[in-house]
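Okay, start-v4.cif is below, mmCIF, C-alpha atoms:
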data_entry
loop_
_atom_site.label_atom_id
_atom_site.label_comp_id
_atom_site.auth_asym_id
_atom_site.auth_seq_id
_atom_site.Cartn_x
_atom_site.Cartn_y
_atom_site.Cartn_z
CA MET E 577 -10.10 18.29 42.28
CA SER E 578 -7.85 15.27 42.02
CA THR E 579 -4.40 14.08 41.10
CA ARG E 580 -3.97 11.46 38.43
CA ILE E 581 -0.84 9.34 38.23
CA VAL E 582 0.18 6.84 35.56
CA LEU E 583 3.08 4.38 35.64
CA VAL E 584 4.60 3.01 32.43
CA PRO E 585 7.83 1.04 31.88
CA GLY E 586 10.91 2.59 30.29
CA THR E 587 10.75 0.20 27.34
CA LEU E 588 12.83 1.65 24.48
CA ALA E 589 10.86 -0.38 21.93
CA LEU E 590 8.07 2.17 22.57
CA LEU E 591 10.15 4.89 20.91
CA PRO E 592 9.28 5.72 17.30
CA GLU E 593 12.91 5.34 16.18
CA HIS E 594 12.75 1.68 17.25
CA ALA E 595 9.53 0.88 15.38
CA SER E 596 9.29 -2.54 13.73
CA LEU E 597 7.06 -3.75 10.92
CA ASN E 598 5.39 -6.01 13.48
CA ASP E 599 5.25 -4.30 16.86
CA PRO E 600 6.84 -6.58 19.48
CA VAL E 601 5.23 -4.54 22.28
CA ALA E 602 1.78 -3.99 20.79
CA GLU E 603 -0.18 -4.86 23.94
CA LEU E 604 2.08 -2.80 26.16
CA ARG E 605 1.91 0.14 23.78
CA ALA E 606 -1.88 0.02 23.66
CA ALA E 607 -2.06 -0.05 27.46
CA CYS E 608 0.41 2.84 27.80
CA LEU E 609 -1.41 4.99 25.25
CA ALA E 610 -4.81 4.37 26.86
CA ALA E 611 -3.43 5.27 30.29
CA VAL E 612 -1.68 8.41 29.04
CA ALA E 613 -4.84 9.47 27.20
CA TRP E 614 -6.70 9.13 30.50
CA LEU E 615 -3.96 11.03 32.32
CA GLY E 616 -3.91 14.03 30.00
CA ALA E 617 -0.81 16.14 29.43
CA PRO E 618 1.44 15.55 32.46
CA ASP E 619 2.40 18.44 34.75
CA GLN E 620 5.31 16.38 35.99
CA VAL E 621 7.32 13.42 34.70
CA LEU E 622 9.20 11.25 37.18
CA ALA E 623 11.81 9.32 35.22
CA ASP E 624 15.48 8.82 34.50
CA PRO E 625 16.74 10.41 31.24
CA GLN E 626 15.91 7.36 29.08
CA GLY E 627 12.50 7.08 30.70
CA ARG E 628 11.90 10.76 30.04
CA ARG E 629 12.27 10.09 26.32
CA VAL E 630 9.76 7.24 26.57
CA ALA E 631 7.35 9.52 28.44
CA ASP E 632 7.68 12.28 25.86
CA ALA E 633 7.14 9.83 23.01
CA LEU E 634 4.01 8.35 24.61
CA VAL E 635 2.55 11.80 25.29
CA ALA E 636 3.22 12.77 21.68
CA GLU E 637 1.79 9.52 20.31
CA ALA E 638 -1.30 9.74 22.53
CA GLY E 639 -1.79 13.29 21.28
CA VAL E 640 -2.72 14.67 24.71
CA THR E 641 -2.29 18.41 25.13
CA GLY E 642 -4.49 19.65 27.96
CA ARG E 643 -5.60 18.60 31.41
CA ALA E 644 -8.49 16.18 31.82
CA PRO E 645 -11.68 17.74 33.36
CA GLY E 646 -11.62 17.93 37.14
CA VAL E 647 -7.94 17.04 37.34
CA GLU E 648 -5.68 19.36 39.27
CA ARG E 649 -2.44 17.58 38.70
CA ALA E 650 -1.22 14.85 36.32
CA VAL E 651 2.00 12.91 36.94
CA LEU E 652 3.57 10.41 34.54
CA VAL E 653 5.98 7.99 36.19
CA VAL E 654 8.39 5.82 34.18
CA GLY E 655 9.89 2.75 35.80
CA ASN E 656 9.72 -1.03 35.82
CA GLY E 657 10.58 -4.13 37.75
CA SER E 658 13.44 -6.56 37.28
CA ALA E 659 15.07 -7.52 33.97
CA THR E 660 16.15 -10.95 35.21
CA ARG E 661 12.96 -12.94 34.97
CA SER E 662 13.98 -15.64 32.47
CA GLU E 663 16.91 -17.36 30.80
CA LYS E 664 16.55 -15.00 27.87
CA ALA E 665 16.01 -11.88 29.96
CA PRO E 666 18.53 -9.05 29.42
CA GLY E 667 20.11 -9.84 32.80
CA HIS E 668 19.61 -13.63 32.51
CA LEU E 669 17.56 -15.53 35.10
CA ASP E 670 17.92 -14.51 38.72
CA GLU E 671 15.87 -16.73 41.04
CA ARG E 672 15.13 -13.77 43.31
CA ALA E 673 13.52 -11.71 40.58
CA GLU E 674 9.99 -13.10 40.67
CA ALA E 675 9.61 -12.54 44.42
CA PHE E 676 11.08 -9.06 44.10
CA ASP E 677 8.59 -8.15 41.36
CA GLU E 678 5.67 -9.66 43.27
CA ALA E 679 6.57 -7.61 46.32
CA LEU E 680 7.02 -4.42 44.31
CA GLY E 681 3.77 -5.00 42.42
CA ALA E 682 1.91 -5.53 45.68
CA ALA E 683 3.45 -2.36 47.14
CA LEU E 684 2.32 -0.37 44.11
CA ARG E 685 -1.20 -1.77 44.45
CA ARG E 686 -1.48 -0.86 48.12
CA CYS E 687 0.20 2.52 47.54
CA ASP E 688 2.94 1.94 50.08
CA LEU E 689 6.50 1.86 48.80
CA ARG E 690 8.25 1.97 52.16
CA GLY E 691 10.94 -0.64 52.52
CA LEU E 692 11.83 -0.79 48.83
CA ASP E 693 15.17 -2.62 48.53
CA LEU E 694 17.11 -0.37 46.14
CA SER E 695 20.25 -2.46 46.39
CA LEU E 696 18.45 -5.66 45.33
CA ALA E 697 16.65 -3.70 42.60
CA ASP E 698 20.03 -2.77 41.20
CA GLU E 699 21.26 -6.36 41.27
CA LEU E 700 18.13 -7.46 39.39
CA TRP E 701 18.54 -4.76 36.71
CA ALA E 702 15.26 -3.15 37.80
CA ARG E 703 15.24 0.31 36.27
CA LEU E 704 12.97 1.84 38.89
CA GLY E 705 13.27 5.34 37.44
CA GLY E 706 10.55 7.47 39.05
CA ILE E 707 9.05 4.66 41.17
CA PRO E 708 10.82 5.58 44.47
CA ALA E 709 9.61 9.17 44.16
CA LEU E 710 6.11 7.89 43.39
CA GLY E 711 5.79 6.75 47.03
CA ASP E 712 5.60 10.34 48.22
CA LEU E 713 2.61 11.06 45.97
CA LEU E 714 0.47 8.12 46.99
CA GLY E 715 -1.71 8.41 50.03
CA PRO E 716 -3.78 5.61 51.55
CA ASP E 717 -6.90 7.00 49.91
CA ALA E 718 -5.56 6.52 46.37
CA GLU E 719 -7.62 4.44 43.96
CA VAL E 720 -5.49 2.11 41.89
CA SER E 721 -6.04 0.06 38.75
CA VAL E 722 -3.63 -2.25 36.95
CA ASP E 723 -3.91 -2.08 33.16
CA HIS E 724 -0.95 -4.27 32.27
CA ASP E 725 1.23 -6.64 34.29
CA ALA E 726 3.57 -8.83 32.25
CA ALA E 727 7.17 -9.83 31.61
CA PRO E 728 7.13 -11.33 28.10
CA TYR E 729 10.83 -10.61 27.47
CA GLY E 730 12.03 -11.22 31.00
CA VAL E 731 11.50 -7.60 32.04
CA GLN E 732 8.67 -6.87 34.47
CA TRP E 733 6.35 -4.20 33.13
CA TRP E 734 3.37 -2.52 34.76
CA VAL E 735 0.95 0.01 33.43
CA MET E 736 -1.00 1.38 36.40
CA ARG E 737 -3.30 4.31 37.16
CA TRP E 738 -3.94 6.08 40.46
CA THR E 739 -6.44 8.74 41.42
CA CYS E 740 -5.72 10.63 44.63
CA GLY E 741 -7.79 13.18 46.55
CA SER E 742 -10.96 12.89 44.52
CA MET U 433 7.16 9.23 -7.42
CA THR U 434 4.74 6.38 -6.92
CA LEU U 435 5.39 3.51 -9.30
CA ARG U 436 2.25 2.48 -11.17
CA LEU U 437 2.05 -0.79 -13.04
CA ARG U 438 -1.28 -0.24 -14.79
CA ARG U 439 -3.88 -0.89 -12.03
CA HIS U 440 -1.32 -1.47 -9.26
CA ALA U 441 0.48 1.36 -7.39
CA PHE U 442 3.56 1.00 -5.19
CA ALA U 443 5.11 3.52 -2.81
CA ASP U 444 8.66 4.78 -3.33
CA ASP U 445 10.19 2.75 -0.53
CA THR U 446 8.89 -0.64 -1.67
CA THR U 447 10.83 -3.34 -3.48
CA LEU U 448 9.15 -5.81 -5.79
CA MET U 449 9.85 -9.41 -6.70
CA MET U 450 9.18 -10.21 -10.36
CA ALA U 451 9.10 -14.00 -10.69
CA ILE U 452 10.07 -15.51 -14.02
CA VAL U 453 7.44 -17.79 -15.54
CA ASN U 454 8.53 -19.39 -18.79
CA ARG U 455 6.09 -20.70 -21.34
CA THR U 456 9.03 -22.03 -23.29
CA PRO U 457 10.45 -25.52 -23.90
CA ASP U 458 14.05 -24.36 -23.87
CA SER U 459 14.86 -21.50 -21.43
CA PHE U 460 18.33 -21.80 -19.94
CA TYR U 461 17.44 -22.23 -16.28
CA ASP U 462 14.31 -24.35 -16.11
CA ARG U 463 14.79 -26.14 -19.46
CA GLY U 464 11.12 -26.45 -20.19
CA ALA U 465 9.93 -27.33 -16.69
CA THR U 466 6.96 -24.98 -17.08
CA TRP U 467 6.43 -25.46 -20.82
CA ALA U 468 3.10 -27.21 -20.27
CA GLU U 469 0.44 -24.62 -19.47
CA ASP U 470 -0.64 -26.34 -16.27
CA LYS U 471 2.97 -26.48 -15.09
CA ALA U 472 3.34 -22.77 -15.77
CA PHE U 473 0.12 -22.12 -13.88
CA GLU U 474 1.45 -24.14 -10.94
CA ARG U 475 4.61 -22.03 -11.05
CA VAL U 476 2.44 -18.88 -10.81
CA ALA U 477 0.60 -20.30 -7.80
CA SER U 478 3.91 -21.17 -6.19
CA VAL U 479 5.55 -17.77 -6.63
CA VAL U 480 2.39 -15.97 -5.50
CA ALA U 481 2.46 -18.07 -2.33
CA GLN U 482 6.11 -17.09 -1.92
CA GLY U 483 5.15 -13.42 -2.03
CA ALA U 484 6.05 -12.35 -5.55
CA GLU U 485 4.25 -9.13 -6.49
CA ILE U 486 4.85 -9.57 -10.22
CA VAL U 487 5.05 -12.50 -12.63
CA ASP U 488 7.00 -12.06 -15.84
CA ILE U 489 5.57 -14.41 -18.44
CA GLY U 490 7.74 -15.16 -21.46
CA GLY U 491 7.05 -17.17 -24.59
CA ILE U 492 10.48 -17.00 -26.20
CA LYS U 493 13.82 -17.78 -24.66
CA ALA U 494 16.38 -15.00 -24.85
CA ALA U 495 19.16 -17.03 -26.44
CA PRO U 496 19.27 -17.90 -30.14
CA GLY U 497 17.20 -20.88 -31.19
CA ALA U 498 14.28 -21.99 -33.30
CA GLU U 499 12.40 -19.08 -34.85
CA ILE U 500 9.19 -18.33 -32.95
CA ASP U 501 6.90 -16.06 -34.94
CA ALA U 502 4.35 -13.70 -33.42
CA THR U 503 1.50 -16.16 -33.97
CA GLU U 504 3.29 -18.88 -32.05
CA GLU U 505 4.39 -16.44 -29.34
CA LYS U 506 0.79 -15.29 -28.87
CA ALA U 507 -0.40 -18.88 -28.74
CA ARG U 508 2.02 -19.46 -25.88
CA VAL U 509 1.20 -16.44 -23.76
CA VAL U 510 -2.10 -14.65 -24.49
CA ASP U 511 -4.61 -17.19 -23.16
CA PHE U 512 -2.24 -17.93 -20.31
CA VAL U 513 -2.19 -14.27 -19.30
CA ALA U 514 -5.99 -14.25 -19.35
CA ARG U 515 -6.07 -17.34 -17.13
CA VAL U 516 -3.63 -15.82 -14.61
CA ARG U 517 -5.52 -12.51 -14.66
CA GLU U 518 -8.75 -14.33 -13.86
CA ALA U 519 -7.22 -16.32 -11.03
CA TYR U 520 -5.09 -13.54 -9.47
CA PRO U 521 -6.71 -10.11 -9.77
CA ALA U 522 -4.20 -8.50 -7.38
CA LEU U 523 -1.10 -9.87 -9.10
CA VAL U 524 0.92 -7.69 -11.46
CA ILE U 525 1.31 -9.47 -14.78
CA SER U 526 4.30 -8.62 -16.92
CA VAL U 527 5.00 -10.14 -20.30
CA ASP U 528 8.51 -10.51 -21.63
CA THR U 529 8.19 -9.58 -25.29
CA TRP U 530 9.68 -7.17 -27.79
CA ARG U 531 6.82 -7.40 -30.31
CA ALA U 532 4.08 -4.75 -30.42
CA GLU U 533 1.61 -7.25 -31.87
CA VAL U 534 2.13 -9.58 -28.92
CA GLY U 535 2.11 -6.68 -26.45
CA ASP U 536 -1.25 -5.53 -27.75
CA ALA U 537 -2.79 -8.97 -27.36
CA VAL U 538 -1.46 -9.62 -23.86
CA CYS U 539 -2.54 -6.20 -22.60
CA ALA U 540 -6.02 -6.89 -23.94
CA ALA U 541 -5.87 -10.17 -21.98
CA GLY U 542 -4.96 -8.35 -18.76
CA ALA U 543 -1.19 -7.79 -18.68
CA ASP U 544 0.02 -4.72 -16.76
CA VAL U 545 3.65 -4.47 -17.84
CA LEU U 546 5.48 -4.94 -21.12
CA ASN U 547 9.01 -6.06 -20.29
CA ASP U 548 10.95 -5.32 -23.45
CA ALA U 549 14.20 -7.16 -22.86
CA TRP U 550 15.44 -6.14 -26.32
CA GLY U 551 15.65 -2.42 -25.87
CA GLY U 552 12.97 -1.14 -28.20
CA ALA U 553 13.66 -3.37 -31.18
CA ASP U 554 10.04 -2.89 -32.24
CA PRO U 555 9.42 0.88 -32.16
CA GLU U 556 5.64 0.42 -31.91
CA LEU U 557 5.79 -1.35 -28.56
CA VAL U 558 5.64 1.98 -26.72
CA ASP U 559 2.48 2.92 -28.62
CA VAL U 560 0.85 -0.31 -27.51
CA ALA U 561 1.84 0.33 -23.89
CA ALA U 562 0.37 3.84 -24.11
CA GLN U 563 -2.89 2.62 -25.68
CA HIS U 564 -3.45 0.19 -22.82
CA ASP U 565 -2.08 2.48 -20.05
CA ALA U 566 0.40 -0.29 -19.34
CA ALA U 567 3.87 0.10 -17.86
CA ILE U 568 7.01 -0.50 -19.89
CA VAL U 569 10.49 -1.70 -18.99
CA CYS U 570 13.15 0.10 -21.00
CA THR U 571 16.28 -2.01 -21.27
CA HIS U 572 19.76 -1.43 -22.60
CA THR U 573 21.11 -3.90 -25.14
CA GLY U 574 23.73 -1.81 -26.85
CA GLY U 575 21.84 -2.15 -30.09
CA ALA U 576 21.80 -5.94 -30.10
CA ARG U 577 19.06 -7.48 -32.21
CA PRO U 578 16.61 -9.79 -30.41
CA ARG U 579 17.94 -13.22 -29.51
CA THR U 580 21.55 -12.54 -30.39
CA ARG U 581 24.61 -13.10 -28.24
CA PRO U 582 27.21 -10.36 -27.74
CA PHE U 583 30.32 -10.69 -29.85
CA ARG U 584 33.32 -8.44 -29.22
CA VAL U 585 31.09 -5.64 -28.01
CA GLU U 586 32.95 -2.72 -26.46
CA TYR U 587 31.80 0.49 -24.81
CA ASP U 588 33.67 3.65 -23.92
CA ASP U 589 31.64 3.57 -20.71
CA VAL U 590 29.04 0.85 -20.39
CA VAL U 591 27.19 2.59 -17.56
CA ARG U 592 26.99 5.85 -19.50
CA ALA U 593 25.71 3.91 -22.51
CA ALA U 594 23.11 2.10 -20.40
CA ILE U 595 21.88 5.34 -18.87
CA ASP U 596 21.79 7.23 -22.17
CA ASP U 597 19.99 4.45 -24.03
CA THR U 598 17.44 3.62 -21.35
CA LEU U 599 16.63 7.28 -20.76
CA ALA U 600 16.24 7.87 -24.49
CA TYR U 601 13.90 4.87 -24.56
CA ALA U 602 12.01 6.28 -21.56
CA GLU U 603 11.60 9.60 -23.40
CA ARG U 604 10.24 7.74 -26.44
CA ALA U 605 7.77 6.01 -24.15
CA LEU U 606 6.64 9.31 -22.64
CA ALA U 607 6.31 10.87 -26.08
CA ALA U 608 4.13 7.95 -27.14
CA GLY U 609 1.87 8.61 -24.16
CA VAL U 610 3.03 6.11 -21.53
CA ALA U 611 2.46 7.55 -18.05
CA ARG U 612 5.62 8.89 -16.40
CA GLU U 613 4.99 6.80 -13.26
CA SER U 614 4.79 3.66 -15.41
CA VAL U 615 8.28 3.68 -16.93
CA VAL U 616 11.03 1.46 -15.53
CA ILE U 617 14.65 1.21 -16.68
CA ASP U 618 16.84 -1.91 -16.74
CA PRO U 619 20.57 -2.07 -17.54
CA ALA U 620 19.99 -5.62 -18.83
CA HIS U 621 22.89 -7.60 -17.46
CA ASP U 622 24.44 -9.92 -20.08
CA PHE U 623 22.39 -8.45 -22.94
CA GLY U 624 24.88 -7.02 -25.42
CA LYS U 625 27.49 -7.28 -22.68
CA ASN U 626 30.41 -9.39 -21.59
CA THR U 627 30.91 -10.38 -17.98
CA ARG U 628 33.05 -7.36 -17.07
CA HIS U 629 30.37 -5.07 -18.50
CA SER U 630 27.74 -6.67 -16.28
CA LEU U 631 30.02 -6.51 -13.25
CA GLU U 632 30.67 -2.82 -13.83
CA LEU U 633 26.95 -2.14 -14.20
CA THR U 634 26.42 -3.91 -10.89
CA ARG U 635 29.20 -1.97 -9.17
CA ARG U 636 27.95 1.37 -10.51
CA LEU U 637 24.20 0.69 -10.39
CA GLY U 638 23.77 3.71 -8.11
CA GLU U 639 24.39 5.94 -11.14
CA MET U 640 21.33 4.48 -12.83
CA VAL U 641 19.25 4.83 -9.66
CA ALA U 642 20.35 8.48 -9.44
CA THR U 643 18.51 9.21 -12.70
CA GLY U 644 15.32 9.03 -10.65
CA TRP U 645 13.70 6.35 -12.82
CA PRO U 646 12.83 3.13 -10.98
CA VAL U 647 15.45 0.50 -11.80
CA LEU U 648 14.77 -3.17 -12.52
CA VAL U 649 17.60 -5.68 -12.36
CA SER U 650 17.61 -9.11 -13.92
CA LEU U 651 20.56 -11.00 -12.47
CA SER U 652 19.16 -14.39 -11.74
CA ASN U 653 21.58 -17.23 -12.51
CA LYS U 654 23.02 -15.35 -15.48
CA ASP U 655 26.31 -16.07 -17.25
CA PHE U 656 28.13 -13.12 -15.67
CA VAL U 657 27.57 -14.82 -12.32
CA GLY U 658 28.58 -18.19 -13.72
CA GLU U 659 31.73 -16.85 -15.38
CA THR U 660 32.72 -14.88 -12.29
CA LEU U 661 32.53 -17.97 -10.07
CA ASP U 662 33.16 -20.60 -12.75
CA LEU U 663 29.88 -22.31 -11.91
CA PRO U 664 27.27 -23.87 -14.18
CA VAL U 665 23.59 -23.03 -14.27
CA GLY U 666 22.08 -24.58 -11.16
CA GLU U 667 24.96 -23.53 -8.89
CA ARG U 668 24.69 -19.77 -9.20
CA LEU U 669 22.25 -18.86 -6.46
CA VAL U 670 24.81 -17.58 -3.97
CA GLY U 671 26.53 -15.48 -6.62
CA THR U 672 23.16 -14.18 -7.78
CA LEU U 673 22.26 -13.15 -4.24
CA ALA U 674 25.62 -11.41 -3.75
CA ALA U 675 25.01 -9.36 -6.91
CA THR U 676 21.46 -8.77 -5.71
CA SER U 677 22.79 -7.33 -2.45
CA VAL U 678 24.96 -4.83 -4.28
CA CYS U 679 22.05 -3.72 -6.46
CA ALA U 680 19.73 -3.48 -3.47
CA LEU U 681 22.19 -1.29 -1.59
CA ALA U 682 22.29 0.96 -4.65
CA GLY U 683 18.49 1.16 -4.60
CA ALA U 684 17.15 -1.12 -7.34
CA ARG U 685 13.37 -1.42 -7.02
CA ILE U 686 12.35 -4.50 -9.03
CA TYR U 687 14.16 -7.87 -9.04
CA ARG U 688 13.46 -10.31 -11.86
CA VAL U 689 14.15 -13.70 -10.32
CA HIS U 690 13.90 -17.45 -10.42
CA GLU U 691 14.20 -17.81 -6.60
CA VAL U 692 11.61 -15.57 -4.93
CA VAL U 693 12.09 -16.47 -1.26
CA GLU U 694 15.87 -16.18 -1.23
CA THR U 695 15.85 -12.93 -3.17
CA ARG U 696 13.13 -11.40 -1.00
CA GLN U 697 15.14 -12.16 2.15
CA THR U 698 18.31 -10.74 0.60
CA VAL U 699 16.63 -7.55 -0.55
CA ASP U 700 14.75 -7.06 2.74
CA MET U 701 17.99 -7.49 4.67
CA VAL U 702 19.92 -5.02 2.53
CA TRP U 703 17.02 -2.55 2.34
CA THR U 704 16.89 -2.57 6.13
CA ILE U 705 20.66 -2.13 6.45
CA ALA U 706 20.29 0.85 4.13
CA GLY U 707 17.69 2.31 6.50
CA ARG U 708 14.84 2.13 4.00
CA ARG U 709 12.83 -0.56 5.80
CA PRO U 710 12.32 -1.18 9.55
CA PRO U 711 13.28 -4.56 11.01
CA ALA U 712 10.41 -7.02 11.01
CA ARG U 713 10.45 -7.27 14.79
CA ALA U 714 13.20 -5.72 16.90
CA ILE U 715 13.17 -6.21 20.67
CA ARG U 716 16.79 -7.18 21.43
CA GLY U 717 18.08 -4.79 24.08
CA LEU U 718 14.91 -2.70 23.90
CA ALA U 719 12.51 -4.37 26.34
#
Rendering of file as structure tokens:
Amino acid sequence: MSTRIVLVPGTLALLPEHASLNDPVAELRAACLAAVAWLGAPDQVLADPQGRRVADALVAEAGVTGRAPGVERAVLVVGNGSATRSEKAPGHLDERAEAFDEALGAALRRCDLRGLDLSLADELWARLGGIPALGDLLGPDAEVSVDHDAAPYGVQWWVMRWTCGS
Amino acid sequence: MTLRLRRHAFADDTTLMMAIVNRTPDSFYDRGATWAEDKAFERVASVVAQGAEIVDIGGIKAAPGAEIDATEEKARVVDFVARVREAYPALVISVDTWRAEVGDAVCAAGADVLNDAWGGADPELVDVAAQHDAAIVCTHTGGARPRTRPFRVEYDDVVRAAIDDTLAYAERALAAGVARESVVIDPAHDFGKNTRHSLELTRRLGEMVATGWPVLVSLSNKDFVGETLDLPVGERLVGTLAATSVCALAGARIYRVHEVVETRQTVDMVWTIAGRRPPARAIRGLA
């Protein structure tokens, strides 16, 4: 029996009330929905209140209701990197943002979030949400895959999947 | 209710651009620019490229002028309708005519809508629409005869009159056998009306929309815009679009226009403000 974990960003454009005629986050949405479909209905959501709404919307849109076969626990984490990656980013360009996101992305890939600089994250408008708590769930044996890694609007997004204890 | 213009159906939340295509040598706005058949055909190609869902083909200018009999009117529009039908199967073709004889011929040639700008002057037009399963536009003219200008016309309540007359016309259409989803009403700005009448109809258009019938408005470059702003034909686009905004907020569904692109943008903007259409692409503050 295993634990499945999925990380998605807290992008409000994913909410149905913000739908556009032409989806500005089509690739991200597709990646999120595929990952949530793989995850199954989450037993736990790690997110801030806004991120919780994004999680609920994705679960509803993916149409998942039950647990995937052989999965003991499913956790949906909502959080993202900096929002200061470009001149047009919500928080404007901060030269430190790219290095911060690279380090955080690498930490997520190797399942080790020790040493996360929460103060710098705040300065870079990184809405980490459930990411700090994610560290406690990930052991060194976790298998990780990165479905989406992009910052098209100056906000660093990841969609990632982990399987632990299989 | 879904709006059906013969073979074309449109959902309740859609707005439609009806582009004016004149096969006349003397219409007020284009002054014969599309009188030659090839020029009119180029105009159709242009407005289709601009996104118009409907073309409204007319063979007689609305204002008084040289008598055009049914034979001449048919010569101007019937073969042209057939040519447009052949070239643009997905396009809605409307013909601006009050004559049943002309309506019959254009429907046989492929027209989908009979746009009777003269308020049922020919009582048999509804029968023709029914026979061909075509849609009909029921306008209010206050009893004006075709191709006459208003002269000292007064109403107790112009909006009440427009609603009563267009709904009575709609009932006549239904009784003749026109499908309920294929009847459109039009207050007919400037027809049998002075400028204040048309302004009041614009201001109170929501009362016509509230009848539940889909409403068409024909505002484009008309005299009520020109008199309001003291501007000649050719300088009335901004005023037209302002009036268009008011009608769009009230919920008008079809816009009969000279300028397709500008009107489409205006209507899309207002429709979205009204919460009836999502933004094209909204990411500001939401990434």
Up to 10 Å from chain E, what residues of chain U turn up? Count all atoms listed in the file and give them as a ChimeraX atom specification. /U:709-719
Skipping near chain neighbours, those fewer than 4 positions away, what residues fall within 10 Å of range 438-447 of chain U using only C-alpha atoms, listed as a PyMOL selection string? chain U and resi 433-434+485+521-525+539+542-545+561+564-568+611+613-614+646+648+680+683-687+696+699-700+703+708-709
When the PyMOL selection byres ((chain U and resi 573) around 12) is applied to the file above, which residues end up in the set, as a ChimeraX atom specification? /U:548-553,570-572,574-582,585-587,590-591,593-598,601,617-626,629-630
At a cut-off of 8 Å, using all atoms listed in the file, what residues contact Ala451 in chain U? Leave out same-chain residues fewer than 2 positions from it and give the result as a list in words. Met449, Val453, Val479, Ala484, Ile486, Val487, Asp488, Arg688, Val689, His690, Glu691 and Val692 of chain U
Using only C-alpha atoms, find the one residue out of E:Leu694, E:Val654, E:Val647, E:Ala617 that sits nearest to Ala631 in chain E. E:Val654
Would you kindly translate the PyMOL selection byres ((chain E and resi 703) around 6) into the concrete residues it picks from this file, as a compact mmCIF listing (two decimals) with C-alpha atoms, keeping the file's coordinate frame?
# COMPACT_ATOMS: atom_id res chain seq x y z
CA GLY E 655 9.89 2.75 35.80
CA ASN E 656 9.72 -1.03 35.82
CA ALA E 702 15.26 -3.15 37.80
CA LEU E 704 12.97 1.84 38.89
CA GLY E 705 13.27 5.34 37.44
Contacts of Pro555 in chain U at 10 Å or less, counting all atoms listed in the file, minus same-chain residues fewer than 5 places along, as number ranges by chain? U: 530-532, 560, 601, 604-605
Do you know which residues the PyMOL selection byres ((chain E and resi 711-714) around 12) returns on this file, as a ChimeraX atom specification? /E:578-583,620,622,649-653,680,683-692,704,706-710,715-720,737-741
Would you mind listing what lies within 7 Å of Gly490 in chain U as JSON, numbers by chain, with all atoms listed in the file counted and same-chain residues fewer than 2 positions away left out? {"U": [453, 454, 455, 488, 492, 527, 528, 529]}
Got time to write the residues from that selection, C-alpha atoms, as a CSV table (one decimal), keeping the file's coordinate frame?
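Result file is again.csv:
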chain,number,residue,atom,x,y,z
U,453,VAL,CA,7.4,-17.8,-15.5
U,454,ASN,CA,8.5,-19.4,-18.8
U,455,ARG,CA,6.1,-20.7,-21.3
U,488,ASP,CA,7.0,-12.1,-15.8
U,492,ILE,CA,10.5,-17.0,-26.2
U,527,VAL,CA,5.0,-10.1,-20.3
U,528,ASP,CA,8.5,-10.5,-21.6
U,529,THR,CA,8.2,-9.6,-25.3
Quick check, in Å to one decimal: how far apart do CA of Thr660 in chain E and CA of Arg672 in chain E lie? 8.6 Å
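The space between CA of Glu556 in chain U and CA of Glu533 in chain U spans 8.7 Å.
Distance annotation: of E:Val584, E:Leu669, E:Ala610, E:Ala644, the residue with the minimal separation from Arg628 in chain E is E:Val584; atom set is all atoms listed in the file.
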Would you please work out which residue, of E:Val640, E:Ala623, E:Ala611, E:Ala726, is nearest to Glu678 in chain E when using all atoms listed in the file?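 Going through E:Val640, E:Ala623, E:Ala611, E:Ala726 one by one, the smallest distance to Glu678 in chain E is for E:Ala726.
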Atomic distance CA of Val621 in chain E - CA of Trp734 in chain E, expressed in Å with one decimal: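 Distance reported for this atom pair: 16.4 Å.
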